[in-house]
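Peer 1: Before I ask anything, here is the structure I am working with.
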Amino acid sequence: MPFLMFFVLLVAFSPHAESQTLTDAENFWRQDVVRTCDGFPSKENCDDGDSVIFNGLLCFVGEDAGCATVRASQDADGRFWRSPRRNPGNLGEPKSFSRDQTLGVLLYLVRTQDRDAALRWQNWIYDNRYCSIKNPLSGGCSVYGYRVCRDDNEICDLRPATWALFERVWKYLDLSTTREMRKNESMDVSDVEMVAVDRAKPGYELHLKAVASLLRLTMASSVSKTRDIVEKLHDRQRQNPFFQALREGTNESVVQRVLDVCPKPWDDLGFRRYQWAWERDTSSEAWRESMGWDCIFMARLLASPAFNMMPEEGEALRFQ
């Protein structure tokens with residue numbers, strides 16, 4: 001009997017028995033989990049190669065350090081690099097930017113309304129176009145290609161779905177759209193894109209579709225088709241709390257899911273801070289190596305009144 005009483009008291013006063021709130025958890029992640037590089041949010045050991053998309057997401061939910069990271073990744077010519085530390089030159093490494101990182105800049109622009117950054121970036125993109133197809137008769141250029149970096153056309157080239165997002169963001173910012181933006185209008189929710197969502201491998205490809213969906217929902221642009229995409233994303237990865245939140249908003253289930261998978265005070269904290277877990281196949285359990293900032297993103301997203309008042313078509317949210 002005394003042993004049983006001791007066991008009951010041990011469980012009752014164990015930190016594992018305490019129910020965490022999202023606010024308590026966020027405070028813990030900030031204090032004991034996350035890492036920075038030169039003061040900017042990063043994976044551990046200054047692994048900042050994907051810094052712009054992750055910090056764009058952090059910026060989007062009101063994390064000032066995320067906005068500062070994206071802002072400091074743009075050089076004087078308007079070009080964006082992968083992180084402030086890599087601006088300019090990418091530390092002499094290849095693949096200085098990518099279409100994936102472009103989504104981080106678009107998130108930043110929507111949140112901050114930084115029209116100057118948008119126009120300087122647009123000018124850089126147009127100044128660095130290249131001839132994709134030459135006219136065999138005149139020798140002139142028939143078709144131009146546009147890119148967000150110059151060292152790897154495979155990941156640098158702007159494709160229809162990305163141009164369509166540019167067009168939506170430029171309209172949201174009340175900026176004049178370009179021919180390429182208008183020509184690719186709605187290509188990010190086309191039938192081809194719907195098929196791409198079905199065929200994409202679980203992992204970062206689906207995460208990019210989710211990020212684009214967050215942008216469109218915030219701007220109240222193609223809401224119905226975006227919700228169809230979100231439904232597909234959730235069907236493919238039901239244990240991903242980011243996808244669940246896009247589908248359902250903030251509720252007890254998604255909050256608990258975040259609390260269940262993100263680091264806890266009683267965990268062994270010797271793990272690598274290496275993953276933005278929501279961009280991985282849930283079967284990989286990438287949250288076991290969470291960088292912490294992915295969890296902070298979810299906490300701030302779920303706590304955002306704006307996120308839980310997602311507008312209908314044409315009623316775009318405006319950040320203060």
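Letters for chains follow the order of the structure tokens (A, B, ...), residue numbers begin at 1 for each chain, and ligand numbers begin at 1 in the order shown.
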Residues near Gln31 of chain A, anyone? I mean within 12 Å using only C-alpha atoms, not counting same-chain ones fewer than 4 positions away, as a ChimeraX atom specification.

Peer 2: /A:24-27,35-36,263-265,292-293,296

Peer 1: Hey, what does DSSP flag as helix (DSSP H, G or I) within segment 180-317 of chain A? Can you give it to me as number ranges by chain?

Peer 2: A: 180-183, 187-189, 191-199, 204-218, 223-236, 241-248, 252-261, 277-279, 282-284, 286-289, 293-303, 307-309

Peer 1: Smallest atom-to-atom distance to Lys183 of chain A: which of A:Thr162, A:Lys201, A:Asn55, A:Cys156, using only C-alpha atoms?

Peer 2: A:Thr162

Peer 1: Pick the closest to Ala65 of chain A from A:Val195, A:Ala117, A:Ser283, A:Phe297: which is it, counting only C-alpha atoms?

Peer 2: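 So, comparing all the options, the nearest one is A:Phe297.
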
Peer 1: Need the shell around Asp48 of chain A: protein/DNA/RNA residues with any atom at most 8 Å away, counting only C-alpha atoms. Skip same-chain ones fewer than 4 positions apart. Format as a count of residues only?

Peer 2: 5

Peer 1: Asp188 of chain A: which residues within 12 Å, counting only C-alpha atoms, same-chain residues fewer than 4 positions away excluded, as a PyMOL selection string?

Peer 2: chain A and resi 159-168+181+184+192-197+208-213+215-216+221-222+225-226+229

Peer 1: Can you pull out every residue within 7 Å of segment 250-256 of chain A, counting only C-alpha atoms, but drop anything in the same chain fewer than 6 positions away, and send it as a PyMOL selection string?

Peer 2: chain A and resi 241+244+302+308

Peer 1: What's around segment 126-142 of chain A at 12 Å? Count only C-alpha atoms, leave out sequence neighbours fewer than 3 positions away in its own chain, and write the answer as a PyMOL selection string.

Peer 2: chain A and resi 77-79+119-123+145-151+153+156-158+178-180

Peer 1: Given the choices A:Asn240, A:Gln275, A:Thr177, A:Thr218, which gets closest to Ser51 of chain A if the distance is worked out from only C-alpha atoms?

Peer 2: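 Using only C-alpha atoms, Ser51 of chain A sits closest to A:Gln275.
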
Peer 1: From a backbone DSSP assignment, name each residue in segment 15-245 of chain A labelled strand (DSSP E or B), as a VMD selection string.

Peer 2: chain A and resid 35 to 37 40 to 42 74 80 130 to 134 141 to 145 147 157

Peer 1: Can you tell me, as a list in words, what residues are no more than 8 Å from Lys95 of chain A when counting only C-alpha atoms, ignoring any on the same chain fewer than 2 positions away?

Peer 2: Glu93, Phe97, Ser98, Cys149, Asp151, Asp152 and Ile155 of chain A

Peer 1: Could you please take those selected residues and save C-alpha atoms as a JSON list (two decimals), in the first residue's frame?

Peer 2:
[["chain", "number", "residue", "atom", "x", "y", "z"],
["A", 93, "GLU", "CA", 28.41, 27.73, -53.31],
["A", 97, "PHE", "CA", 18.36, 30.67, -54.64],
["A", 98, "SER", "CA", 15.38, 28.71, -55.96],
["A", 149, "CYS", "CA", 18.93, 33.16, -59.72],
["A", 151, "ASP", "CA", 23.50, 29.59, -61.52],
["A", 152, "ASP", "CA", 21.03, 26.71, -62.03],
["A", 155, "ILE", "CA", 15.71, 25.45, -59.87]]

Peer 1: Grab the atom CA of Leu57 of chain A to atom CA of Gly104 of chain A distance for me, in Å with one decimal place.

Peer 2: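 We find that atom CA of Leu57 of chain A and atom CA of Gly104 of chain A lie 6.4 Å from each other.
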
Peer 1: Identify which of the residues A:Arg111, A:Lys232, A:Lys171, A:Arg238 lies closest to Asp198 of chain A, counting only C-alpha atoms when measuring atom-to-atom distances.

Peer 2: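 Among the listed residues, the smallest separation from Asp198 of chain A belongs to A:Lys232.
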
Peer 1: Using only C-alpha atoms for the distances, tell me which of A:Val223, A:Leu175, A:Leu233, A:Met310 is nearest to Pro202 of chain A.

Peer 2: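 Counting only C-alpha atoms, the residue closest to Pro202 of chain A is A:Leu233.
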
Peer 1: If you measure from atom CA of Gln74 of chain A to atom CA of Tyr274 of chain A, what distance in Å do you get, rounded to one decimal?

Peer 2: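 Computing it gives 24.2 Å between the two atoms.
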
Peer 1: To one decimal in Å, tell me the separation between atom CA of Ser73 of chain A and atom CA of Arg280 of chain A.

Peer 2: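 Between atom CA of Ser73 of chain A and atom CA of Arg280 of chain A the gap is 24.8 Å.
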
Peer 1: Closest to Ala68 of chain A among A:Thr112, A:Thr21, A:Ser224, A:Gln239, using only C-alpha atoms?

Peer 2: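 Distance minimum relative to Ala68 of chain A lands on A:Thr112.
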